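Q: Structure file target.txt (compact mmCIF, N, CA and C atoms and all ligand atoms) right here:
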```
# COMPACT_ATOMS: atom_id res chain seq x y z
N MET A 1 2.71 -15.42 -12.69
CA MET A 1 1.31 -15.22 -12.29
C MET A 1 0.93 -16.22 -11.20
N GLU A 2 0.18 -15.76 -10.24
CA GLU A 2 -0.28 -16.72 -9.25
C GLU A 2 -1.74 -16.42 -8.91
N LEU A 3 -2.44 -17.48 -8.54
CA LEU A 3 -3.84 -17.32 -8.18
C LEU A 3 -3.94 -16.93 -6.72
N LYS A 4 -4.72 -15.89 -6.45
CA LYS A 4 -4.95 -15.52 -5.06
C LYS A 4 -6.43 -15.30 -4.84
N LYS A 5 -6.81 -15.38 -3.57
CA LYS A 5 -8.20 -15.17 -3.22
C LYS A 5 -8.40 -13.70 -2.90
N CYS A 6 -9.36 -13.08 -3.55
CA CYS A 6 -9.66 -11.68 -3.31
C CYS A 6 -10.03 -11.48 -1.84
N ARG A 7 -9.45 -10.47 -1.22
CA ARG A 7 -9.71 -10.25 0.20
C ARG A 7 -11.10 -9.70 0.46
N ASP A 8 -11.77 -9.30 -0.61
CA ASP A 8 -13.10 -8.75 -0.44
C ASP A 8 -14.19 -9.77 -0.77
N CYS A 9 -14.19 -10.26 -2.01
CA CYS A 9 -15.29 -11.13 -2.44
C CYS A 9 -14.90 -12.60 -2.42
N ARG A 10 -13.63 -12.90 -2.08
CA ARG A 10 -13.17 -14.29 -1.89
C ARG A 10 -13.13 -15.12 -3.17
N THR A 11 -13.19 -14.50 -4.34
CA THR A 11 -13.04 -15.30 -5.55
C THR A 11 -11.56 -15.39 -5.90
N LEU A 12 -11.18 -16.45 -6.60
CA LEU A 12 -9.80 -16.60 -7.03
C LEU A 12 -9.57 -15.75 -8.28
N PHE A 13 -8.41 -15.12 -8.35
CA PHE A 13 -8.11 -14.31 -9.53
C PHE A 13 -6.61 -14.33 -9.79
N GLN A 14 -6.21 -13.92 -10.98
CA GLN A 14 -4.79 -13.86 -11.35
C GLN A 14 -4.17 -12.65 -10.67
N TYR A 15 -3.33 -12.91 -9.66
CA TYR A 15 -2.75 -11.81 -8.91
C TYR A 15 -1.48 -11.31 -9.60
N THR A 16 -1.36 -10.01 -9.76
CA THR A 16 -0.12 -9.46 -10.32
C THR A 16 0.67 -8.73 -9.25
N SER A 17 0.14 -7.60 -8.77
CA SER A 17 0.86 -6.88 -7.73
C SER A 17 -0.12 -5.99 -6.97
N GLY A 18 0.37 -5.39 -5.91
CA GLY A 18 -0.45 -4.46 -5.13
C GLY A 18 -1.40 -5.18 -4.20
N PRO A 19 -2.44 -4.47 -3.74
CA PRO A 19 -3.38 -5.04 -2.80
C PRO A 19 -4.07 -6.28 -3.39
N VAL A 20 -4.38 -7.25 -2.50
CA VAL A 20 -4.94 -8.51 -2.98
C VAL A 20 -6.45 -8.39 -3.18
N TYR A 21 -6.82 -7.70 -4.25
CA TYR A 21 -8.23 -7.61 -4.61
C TYR A 21 -8.38 -7.91 -6.09
N CYS A 22 -9.47 -8.56 -6.47
CA CYS A 22 -9.72 -8.85 -7.88
C CYS A 22 -10.04 -7.54 -8.61
N SER A 23 -9.99 -7.59 -9.94
CA SER A 23 -10.17 -6.36 -10.71
C SER A 23 -11.57 -5.77 -10.49
N ARG A 24 -12.55 -6.64 -10.27
CA ARG A 24 -13.90 -6.14 -10.07
C ARG A 24 -13.99 -5.35 -8.76
N CYS A 25 -13.38 -5.91 -7.70
CA CYS A 25 -13.41 -5.21 -6.41
C CYS A 25 -12.59 -3.93 -6.48
N LYS A 26 -11.47 -3.99 -7.23
CA LYS A 26 -10.66 -2.78 -7.36
C LYS A 26 -11.48 -1.66 -7.98
N LEU A 27 -12.22 -2.00 -9.03
CA LEU A 27 -13.09 -1.01 -9.66
C LEU A 27 -14.12 -0.50 -8.67
N ASN A 28 -14.69 -1.45 -7.95
CA ASN A 28 -15.68 -1.12 -6.93
C ASN A 28 -15.07 -0.18 -5.89
N HIS A 29 -13.82 -0.47 -5.50
CA HIS A 29 -13.14 0.36 -4.51
C HIS A 29 -12.95 1.79 -5.01
N GLU A 30 -12.66 1.91 -6.32
CA GLU A 30 -12.48 3.24 -6.88
C GLU A 30 -13.73 4.09 -6.64
N SER A 31 -14.90 3.47 -6.86
CA SER A 31 -16.12 4.24 -6.68
C SER A 31 -16.39 4.48 -5.20
N LEU A 32 -16.00 3.50 -4.34
CA LEU A 32 -16.17 3.71 -2.90
C LEU A 32 -15.31 4.88 -2.43
N ILE A 33 -14.07 4.91 -2.94
CA ILE A 33 -13.15 5.98 -2.55
C ILE A 33 -13.72 7.32 -2.97
N LYS A 34 -14.31 7.33 -4.15
CA LYS A 34 -14.92 8.57 -4.63
C LYS A 34 -16.05 9.00 -3.67
N ASP A 35 -16.88 8.01 -3.29
CA ASP A 35 -17.97 8.30 -2.35
C ASP A 35 -17.44 8.86 -1.04
N ILE A 36 -16.38 8.21 -0.53
CA ILE A 36 -15.81 8.64 0.75
C ILE A 36 -15.27 10.06 0.63
N LYS A 37 -14.55 10.32 -0.47
CA LYS A 37 -13.99 11.65 -0.66
C LYS A 37 -15.09 12.70 -0.73
N ASP A 38 -16.15 12.37 -1.49
CA ASP A 38 -17.27 13.30 -1.61
C ASP A 38 -17.88 13.58 -0.24
N TYR A 39 -18.04 12.49 0.52
CA TYR A 39 -18.67 12.61 1.83
C TYR A 39 -17.80 13.46 2.75
N LEU A 40 -16.49 13.19 2.72
CA LEU A 40 -15.58 13.94 3.58
C LEU A 40 -15.49 15.41 3.16
N TYR A 41 -15.72 15.65 1.87
CA TYR A 41 -15.70 17.02 1.39
C TYR A 41 -16.87 17.79 2.00
N ASP A 42 -18.03 17.13 2.05
CA ASP A 42 -19.22 17.77 2.62
C ASP A 42 -19.19 17.77 4.15
N TYR A 43 -18.69 16.67 4.71
CA TYR A 43 -18.65 16.54 6.17
C TYR A 43 -17.24 16.18 6.63
N PRO A 44 -16.35 17.15 6.66
CA PRO A 44 -14.94 16.85 6.97
C PRO A 44 -14.73 16.31 8.39
N HIS A 45 -15.71 16.45 9.26
CA HIS A 45 -15.50 16.01 10.63
C HIS A 45 -16.10 14.64 10.91
N THR A 46 -16.26 13.85 9.85
CA THR A 46 -16.80 12.51 10.01
C THR A 46 -15.67 11.55 10.38
N ASP A 47 -15.93 10.68 11.35
CA ASP A 47 -14.90 9.68 11.67
C ASP A 47 -15.21 8.37 10.93
N ILE A 48 -14.33 7.38 11.08
CA ILE A 48 -14.46 6.15 10.30
C ILE A 48 -15.78 5.43 10.59
N LYS A 49 -16.18 5.42 11.86
CA LYS A 49 -17.40 4.73 12.24
C LYS A 49 -18.61 5.36 11.54
N MET A 50 -18.67 6.71 11.59
CA MET A 50 -19.78 7.41 10.94
C MET A 50 -19.76 7.20 9.43
N LEU A 51 -18.56 7.23 8.87
CA LEU A 51 -18.42 7.00 7.43
C LEU A 51 -18.93 5.63 7.04
N SER A 52 -18.52 4.63 7.83
CA SER A 52 -18.87 3.27 7.50
C SER A 52 -20.38 3.07 7.59
N GLU A 53 -21.03 3.76 8.55
CA GLU A 53 -22.48 3.64 8.68
C GLU A 53 -23.19 4.42 7.58
N ALA A 54 -22.67 5.60 7.27
CA ALA A 54 -23.33 6.44 6.28
C ALA A 54 -23.23 5.84 4.88
N LEU A 55 -22.07 5.26 4.58
CA LEU A 55 -21.85 4.77 3.21
C LEU A 55 -21.91 3.26 3.10
N ASN A 56 -22.11 2.59 4.25
CA ASN A 56 -22.19 1.13 4.26
C ASN A 56 -20.91 0.48 3.71
N ILE A 57 -19.79 0.96 4.19
CA ILE A 57 -18.49 0.39 3.81
C ILE A 57 -17.84 -0.09 5.10
N SER A 58 -17.16 -1.22 5.05
CA SER A 58 -16.56 -1.74 6.28
C SER A 58 -15.45 -0.80 6.76
N PRO A 59 -15.38 -0.56 8.08
CA PRO A 59 -14.36 0.35 8.64
C PRO A 59 -12.95 -0.09 8.26
N LYS A 60 -12.74 -1.41 8.19
CA LYS A 60 -11.41 -1.94 7.83
C LYS A 60 -11.00 -1.49 6.43
N LEU A 61 -11.98 -1.52 5.52
CA LEU A 61 -11.72 -1.13 4.15
C LEU A 61 -11.38 0.37 4.09
N ILE A 62 -12.16 1.15 4.82
CA ILE A 62 -11.91 2.60 4.84
C ILE A 62 -10.52 2.88 5.39
N GLU A 63 -10.17 2.18 6.47
CA GLU A 63 -8.85 2.37 7.06
C GLU A 63 -7.76 2.00 6.06
N GLY A 64 -8.00 0.92 5.30
CA GLY A 64 -7.05 0.49 4.29
C GLY A 64 -6.83 1.56 3.23
N PHE A 65 -7.92 2.20 2.80
CA PHE A 65 -7.81 3.27 1.80
C PHE A 65 -6.97 4.42 2.34
N ILE A 66 -7.20 4.74 3.61
CA ILE A 66 -6.47 5.86 4.22
C ILE A 66 -4.99 5.50 4.34
N ARG A 67 -4.73 4.28 4.79
CA ARG A 67 -3.34 3.85 4.97
C ARG A 67 -2.60 3.82 3.65
N SER A 68 -3.28 3.43 2.58
CA SER A 68 -2.60 3.37 1.30
C SER A 68 -2.47 4.76 0.68
N GLY A 69 -3.00 5.78 1.37
CA GLY A 69 -2.83 7.16 0.91
C GLY A 69 -3.82 7.57 -0.16
N ARG A 70 -4.82 6.72 -0.42
CA ARG A 70 -5.76 7.05 -1.49
C ARG A 70 -6.84 8.02 -1.01
N ILE A 71 -7.00 8.09 0.30
CA ILE A 71 -7.88 9.11 0.85
C ILE A 71 -7.04 9.99 1.75
N GLU A 72 -6.97 11.26 1.43
CA GLU A 72 -6.17 12.16 2.24
C GLU A 72 -7.06 12.80 3.29
N LEU A 73 -6.55 12.84 4.50
CA LEU A 73 -7.31 13.42 5.60
C LEU A 73 -6.87 14.85 5.83
N THR A 74 -7.86 15.67 6.19
CA THR A 74 -7.50 17.04 6.57
C THR A 74 -6.89 17.00 7.96
N SER A 75 -6.12 18.01 8.30
CA SER A 75 -5.42 17.98 9.59
C SER A 75 -6.39 18.01 10.77
N ASP A 76 -7.61 18.54 10.54
CA ASP A 76 -8.56 18.58 11.65
C ASP A 76 -9.57 17.44 11.60
N SER A 77 -9.29 16.45 10.74
CA SER A 77 -10.19 15.30 10.66
C SER A 77 -10.13 14.48 11.95
N PRO A 78 -11.28 14.01 12.43
CA PRO A 78 -11.26 13.16 13.63
C PRO A 78 -10.73 11.76 13.34
N ILE A 79 -10.56 11.44 12.05
CA ILE A 79 -10.06 10.12 11.71
C ILE A 79 -8.56 10.06 11.97
N LYS A 80 -8.19 9.13 12.82
CA LYS A 80 -6.76 8.96 13.10
C LYS A 80 -6.44 7.48 12.99
N ILE A 81 -5.34 7.18 12.36
CA ILE A 81 -4.88 5.80 12.35
C ILE A 81 -3.58 5.78 13.13
N THR A 82 -3.18 4.59 13.56
CA THR A 82 -2.01 4.54 14.44
C THR A 82 -0.86 3.78 13.80
N CYS A 83 0.33 4.12 14.24
CA CYS A 83 1.56 3.48 13.77
C CYS A 83 1.55 2.01 14.16
N ASP A 84 1.83 1.14 13.20
CA ASP A 84 1.86 -0.30 13.45
C ASP A 84 2.92 -0.68 14.47
N VAL A 85 3.97 0.12 14.54
CA VAL A 85 5.09 -0.24 15.39
C VAL A 85 4.94 0.34 16.80
N CYS A 86 4.79 1.68 16.91
CA CYS A 86 4.80 2.28 18.24
C CYS A 86 3.43 2.78 18.68
N GLY A 87 2.43 2.77 17.78
CA GLY A 87 1.07 3.12 18.17
C GLY A 87 0.77 4.60 18.23
N VAL A 88 1.72 5.44 17.78
CA VAL A 88 1.48 6.87 17.78
C VAL A 88 0.50 7.20 16.65
N ARG A 89 -0.25 8.32 16.80
CA ARG A 89 -1.23 8.66 15.76
C ARG A 89 -0.56 9.16 14.49
N ILE A 90 -1.02 8.66 13.36
CA ILE A 90 -0.48 9.09 12.07
C ILE A 90 -1.63 9.44 11.13
N GLN A 91 -1.33 10.10 10.02
CA GLN A 91 -2.37 10.52 9.08
C GLN A 91 -2.50 9.57 7.89
N HIS A 92 -1.42 8.90 7.54
CA HIS A 92 -1.47 7.97 6.42
C HIS A 92 -0.34 6.96 6.57
N GLY A 93 -0.37 5.93 5.76
CA GLY A 93 0.68 4.91 5.81
C GLY A 93 0.45 3.91 6.93
N ARG A 94 1.50 3.14 7.22
CA ARG A 94 1.37 2.10 8.25
C ARG A 94 2.15 2.46 9.51
N VAL A 95 3.22 3.20 9.34
CA VAL A 95 4.06 3.53 10.49
C VAL A 95 4.33 5.04 10.52
N CYS A 96 4.72 5.56 11.66
CA CYS A 96 5.02 6.97 11.80
C CYS A 96 6.36 7.29 11.14
N ASP A 97 6.67 8.57 10.99
CA ASP A 97 7.91 8.97 10.31
C ASP A 97 9.15 8.36 10.97
N ASP A 98 9.15 8.38 12.31
CA ASP A 98 10.32 7.86 13.02
C ASP A 98 10.53 6.38 12.74
N CYS A 99 9.44 5.61 12.84
CA CYS A 99 9.56 4.18 12.62
C CYS A 99 9.87 3.91 11.15
N GLN A 100 9.33 4.75 10.26
CA GLN A 100 9.59 4.58 8.84
C GLN A 100 11.08 4.72 8.56
N LYS A 101 11.69 5.72 9.23
CA LYS A 101 13.12 5.94 9.06
C LYS A 101 13.88 4.68 9.50
N GLU A 102 13.45 4.13 10.63
CA GLU A 102 14.15 2.94 11.12
C GLU A 102 13.99 1.76 10.19
N THR A 103 12.75 1.55 9.68
CA THR A 103 12.57 0.42 8.78
C THR A 103 13.30 0.68 7.46
N ALA A 104 13.35 1.94 7.02
CA ALA A 104 14.07 2.26 5.78
C ALA A 104 15.55 1.93 5.95
N ASP A 105 16.07 2.22 7.13
CA ASP A 105 17.47 1.90 7.39
C ASP A 105 17.73 0.41 7.33
N SER A 106 16.83 -0.37 7.93
CA SER A 106 17.06 -1.81 7.92
C SER A 106 16.82 -2.37 6.52
N PHE A 107 15.92 -1.73 5.75
CA PHE A 107 15.72 -2.14 4.36
C PHE A 107 17.00 -1.92 3.56
N LYS A 108 17.63 -0.76 3.82
CA LYS A 108 18.83 -0.40 3.08
C LYS A 108 19.90 -1.47 3.28
N GLU A 109 20.03 -1.91 4.53
CA GLU A 109 21.02 -2.94 4.81
C GLU A 109 20.73 -4.21 4.01
N VAL A 110 19.46 -4.59 4.00
CA VAL A 110 19.08 -5.81 3.30
C VAL A 110 19.31 -5.67 1.80
N SER A 111 18.76 -4.57 1.20
CA SER A 111 18.87 -4.43 -0.25
C SER A 111 20.31 -4.13 -0.65
N GLY A 112 21.05 -3.51 0.25
CA GLY A 112 22.46 -3.24 -0.04
C GLY A 112 23.21 -4.54 -0.27
N GLY A 113 22.90 -5.53 0.57
CA GLY A 113 23.53 -6.82 0.41
C GLY A 113 23.15 -7.46 -0.91
N GLY A 114 21.87 -7.28 -1.28
CA GLY A 114 21.40 -7.85 -2.53
C GLY A 114 22.08 -7.21 -3.72
N ALA A 115 22.26 -5.87 -3.68
CA ALA A 115 22.86 -5.16 -4.80
C ALA A 115 24.30 -5.60 -4.99
N LYS A 116 24.98 -5.86 -3.87
CA LYS A 116 26.37 -6.28 -3.93
C LYS A 116 26.48 -7.62 -4.66
N LYS A 117 25.56 -8.50 -4.33
CA LYS A 117 25.57 -9.81 -4.95
C LYS A 117 25.36 -9.68 -6.46
N GLU A 118 24.42 -8.78 -6.84
CA GLU A 118 24.14 -8.57 -8.25
C GLU A 118 25.38 -8.04 -8.96
N ALA A 119 26.07 -7.09 -8.31
CA ALA A 119 27.24 -6.46 -8.92
C ALA A 119 28.33 -7.50 -9.16
N GLU A 120 28.39 -8.50 -8.29
CA GLU A 120 29.40 -9.53 -8.47
C GLU A 120 29.08 -10.41 -9.68
N GLU A 121 27.79 -10.59 -9.91
CA GLU A 121 27.40 -11.46 -11.01
C GLU A 121 27.42 -10.73 -12.35
N ALA A 122 27.13 -9.42 -12.31
CA ALA A 122 26.97 -8.65 -13.54
C ALA A 122 28.19 -8.65 -14.47
N PRO A 123 29.41 -8.44 -13.96
CA PRO A 123 30.57 -8.38 -14.87
C PRO A 123 30.74 -9.68 -15.65
N MET A 124 30.48 -10.80 -15.00
CA MET A 124 30.59 -12.09 -15.67
C MET A 124 29.65 -12.16 -16.85
N LYS A 125 28.41 -11.67 -16.61
CA LYS A 125 27.40 -11.71 -17.66
C LYS A 125 27.83 -10.86 -18.86
N SER A 126 28.25 -9.59 -18.59
CA SER A 126 28.56 -8.70 -19.70
C SER A 126 29.81 -9.19 -20.44
N GLU A 127 30.74 -9.80 -19.70
CA GLU A 127 31.93 -10.34 -20.34
C GLU A 127 31.53 -11.45 -21.31
N GLY A 128 30.60 -12.26 -20.86
CA GLY A 128 30.12 -13.35 -21.70
C GLY A 128 29.53 -12.81 -23.00
N ILE A 129 28.76 -11.69 -22.90
CA ILE A 129 28.15 -11.12 -24.08
C ILE A 129 29.23 -10.59 -25.02
N ARG A 130 30.21 -9.88 -24.43
CA ARG A 130 31.27 -9.29 -25.25
C ARG A 130 32.04 -10.38 -26.02
N MET A 131 32.37 -11.46 -25.30
CA MET A 131 33.11 -12.54 -25.93
C MET A 131 32.30 -13.15 -27.06
N HIS A 132 31.00 -13.22 -26.81
CA HIS A 132 30.11 -13.81 -27.80
C HIS A 132 30.10 -12.95 -29.07
N ASN A 133 30.07 -11.61 -28.86
CA ASN A 133 30.01 -10.71 -30.01
C ASN A 133 31.29 -10.78 -30.84
N ARG A 134 32.43 -10.96 -30.16
CA ARG A 134 33.71 -10.95 -30.87
C ARG A 134 33.83 -12.13 -31.84
N ARG A 135 33.17 -13.22 -31.43
CA ARG A 135 33.36 -14.43 -32.25
C ARG A 135 32.65 -14.41 -33.56
ZN ZN A 201 -13.06 -9.35 -5.35
ZN ZN A 202 5.99 4.59 15.14
```
Would you kindly transcribe this structure into structure tokens?
A:
Amino acid sequence: MELKKCRDCRTLFQYTSGPVYCSRCKLNHESLIKDIKDYLYDYPHTDIKMLSEALNISPKLIEGFIRSGRIELTSDSPIKITCDVCGVRIQHGRVCDDCQKETADSFKEVSGGGAKKEAEEAPMKSEGIRMHNRR
């Protein structure tokens, strides 16, 4: 467990995993997301700026919800976010499909090395258990 500062209300809280928000803000976000979804259902052609003004939510927060995939955009929505790597327009996530493929490939190399190391250690561990059981 580690203490982190909530990115929204700036209070310290016990951080476990996922976005760095305290449980109160997370709950609050759930209702904001509901509001945004409702609003987009009624007005599908609203962009982030209009949303943020209509619902009084910071544009950054709205963008974060979209990037994390919690708000799905219709294909004709004026809301567009851009790939962190190449800047092409995307509908959700942080990077476009092409860049995602590239980062996935480099991830594979990294985690592949990690798995190999684990595999080297694992037989020793299980052998130790077996020997222990025999005695
Ligand atoms: Zn908070
Ligand atoms: Zn890209």
Q: Neighbours of ligand ZN 201 (chain A) at 6 Å or closer, counting all atoms listed in the file: which residues, as a list in words?
A: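 Listed by chain and ascending number, the contacts are Cys6, Arg7, Asp8, Cys9, Arg10, Thr11, Tyr21, Cys22, Ser23, Arg24, Cys25 and Lys26 of chain A.
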Q: Give the answer as one residue: which of A:Ser68, A:Thr46, A:Thr74, A:Ser58 has the shortest atom-to-atom distance to A:Pro19, using only C-alpha atoms?
A: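 The answer is A:Ser68, which sits nearest to A:Pro19.
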Q: What is the distance between atom N of A:Leu3 and atom C of A:Tyr15, in Å to one decimal?
A: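 Taking atom N of A:Leu3 as the start and atom C of A:Tyr15 as the end point, the length is 6.3 Å.
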Q: Kindly work out which residues sit at most 6.5 Å from ligand ZN 202 (chain A), using only N, CA and C atoms and all ligand atoms, and give the list as a PyMOL selection string.
A: chain A and resi 83-88+95-100
Q: Next, the residues of the selection above should be written as a PDB file, in the frame of the given file with N, CA and C atoms.
A:
```
ATOM      1  N   CYS A  83       0.330   4.120  14.240  1.00  0.00           N
ATOM      2  CA  CYS A  83       1.560   3.480  13.770  1.00  0.00           C
ATOM      3  C   CYS A  83       1.550   2.010  14.160  1.00  0.00           C
ATOM      4  N   ASP A  84       1.830   1.140  13.200  1.00  0.00           N
ATOM      5  CA  ASP A  84       1.860  -0.300  13.450  1.00  0.00           C
ATOM      6  C   ASP A  84       2.920  -0.680  14.470  1.00  0.00           C
ATOM      7  N   VAL A  85       3.970   0.120  14.540  1.00  0.00           N
ATOM      8  CA  VAL A  85       5.090  -0.240  15.390  1.00  0.00           C
ATOM      9  C   VAL A  85       4.940   0.340  16.800  1.00  0.00           C
ATOM     10  N   CYS A  86       4.790   1.680  16.910  1.00  0.00           N
ATOM     11  CA  CYS A  86       4.800   2.280  18.240  1.00  0.00           C
ATOM     12  C   CYS A  86       3.430   2.780  18.680  1.00  0.00           C
ATOM     13  N   GLY A  87       2.430   2.770  17.780  1.00  0.00           N
ATOM     14  CA  GLY A  87       1.070   3.120  18.170  1.00  0.00           C
ATOM     15  C   GLY A  87       0.770   4.600  18.230  1.00  0.00           C
ATOM     16  N   VAL A  88       1.720   5.440  17.780  1.00  0.00           N
ATOM     17  CA  VAL A  88       1.480   6.870  17.780  1.00  0.00           C
ATOM     18  C   VAL A  88       0.500   7.200  16.650  1.00  0.00           C
ATOM     19  N   VAL A  95       3.220   3.200   9.340  1.00  0.00           N
ATOM     20  CA  VAL A  95       4.060   3.530  10.490  1.00  0.00           C
ATOM     21  C   VAL A  95       4.330   5.040  10.520  1.00  0.00           C
ATOM     22  N   CYS A  96       4.720   5.560  11.660  1.00  0.00           N
ATOM     23  CA  CYS A  96       5.020   6.970  11.800  1.00  0.00           C
ATOM     24  C   CYS A  96       6.360   7.290  11.140  1.00  0.00           C
ATOM     25  N   ASP A  97       6.670   8.570  10.990  1.00  0.00           N
ATOM     26  CA  ASP A  97       7.910   8.970  10.310  1.00  0.00           C
ATOM     27  C   ASP A  97       9.150   8.360  10.970  1.00  0.00           C
ATOM     28  N   ASP A  98       9.150   8.380  12.310  1.00  0.00           N
ATOM     29  CA  ASP A  98      10.320   7.860  13.020  1.00  0.00           C
ATOM     30  C   ASP A  98      10.530   6.380  12.740  1.00  0.00           C
ATOM     31  N   CYS A  99       9.440   5.610  12.840  1.00  0.00           N
ATOM     32  CA  CYS A  99       9.560   4.180  12.620  1.00  0.00           C
ATOM     33  C   CYS A  99       9.870   3.910  11.150  1.00  0.00           C
ATOM     34  N   GLN A 100       9.330   4.750  10.260  1.00  0.00           N
ATOM     35  CA  GLN A 100       9.590   4.580   8.840  1.00  0.00           C
ATOM     36  C   GLN A 100      11.080   4.720   8.560  1.00  0.00           C
TER      37      GLN A 100
END
```
Q: Measuring atom to atom with only C-alpha atoms, identify which of A:Gly69, A:Ser17, A:Ile57, A:Glu63 is nearest to A:Thr82.
A: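 With only C-alpha atoms as the atom set, the closest residue is A:Glu63.
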Q: Compare A:Tyr43, A:Met1, A:Gln91, A:Met50 by their minimum atom-to-atom distance to A:Ile66, counting only C-alpha atoms, and give me the closest one.
A: A:Gln91
Q: Could you list, as a VMD selection string, every residue within 8 Å of A:Lys4, counting only C-alpha atoms and ignoring same-chain residues fewer than 3 positions away?
A: chain A and resid 12 to 15 20
Q: Please extract the residues of chain A with a backbone DSSP assignment of strand (DSSP E) and present them as a list in words.
A: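 The strand (DSSP E) residues within chain A come out as Glu2, Leu3, Lys4, Lys5, Leu12, Phe13, Gln14, Tyr15, Ile81, Thr82, Arg89 and Ile90 of chain A.
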Q: If you count only N, CA and C atoms, which residues fall within 7 Å of A:Lys80, apart from same-chain ones fewer than 2 positions away, as a list in words?
A: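 Residues near the query, excluding close chain neighbours: Asp47, Ile48, Ser77, Pro78, Thr82, Arg89, Ile90 and Gln91 of chain A.
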Q: Could you please determine the separation between atom C of A:Ile62 and atom CA of A:Pro44 in Å, to one decimal place?
A: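 Straight-line distance from atom C of A:Ile62 to atom CA of A:Pro44 works out to 14.7 Å.
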Q: Tell me which of A:Lys37, A:Lys101, A:Lys108, A:His92 sits closest to A:Arg67, counting only N, CA and C atoms.
A: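 So, comparing all the options, the nearest one is A:His92.
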Q: List every residue of chain A that DSSP, applied to the backbone of this structure, places in helix (DSSP H, G or I), and write the result as a VMD selection string.
A: chain A and resid 23 to 42 48 to 55 59 to 67 97 to 134
Q: Axis-aligned box over every listed atom of stretch 20-26 of chain A, padded by 6 Å per side: centre and edges in Å to one decimal, as JSON?
A:
```
{"center_x": -9.2, "center_y": -5.3, "center_z": -6.6, "size_x": 21.6, "size_y": 19.2, "size_z": 20.2}
```
Q: Check the smallest atom-to-atom distance from each of A:Thr103, A:Leu27, A:His45, A:Ile33 to A:Phe65 using all atoms listed in the file, then report the winner.
A: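 Using all atoms listed in the file, the shortest distance to A:Phe65 belongs to A:Ile33.
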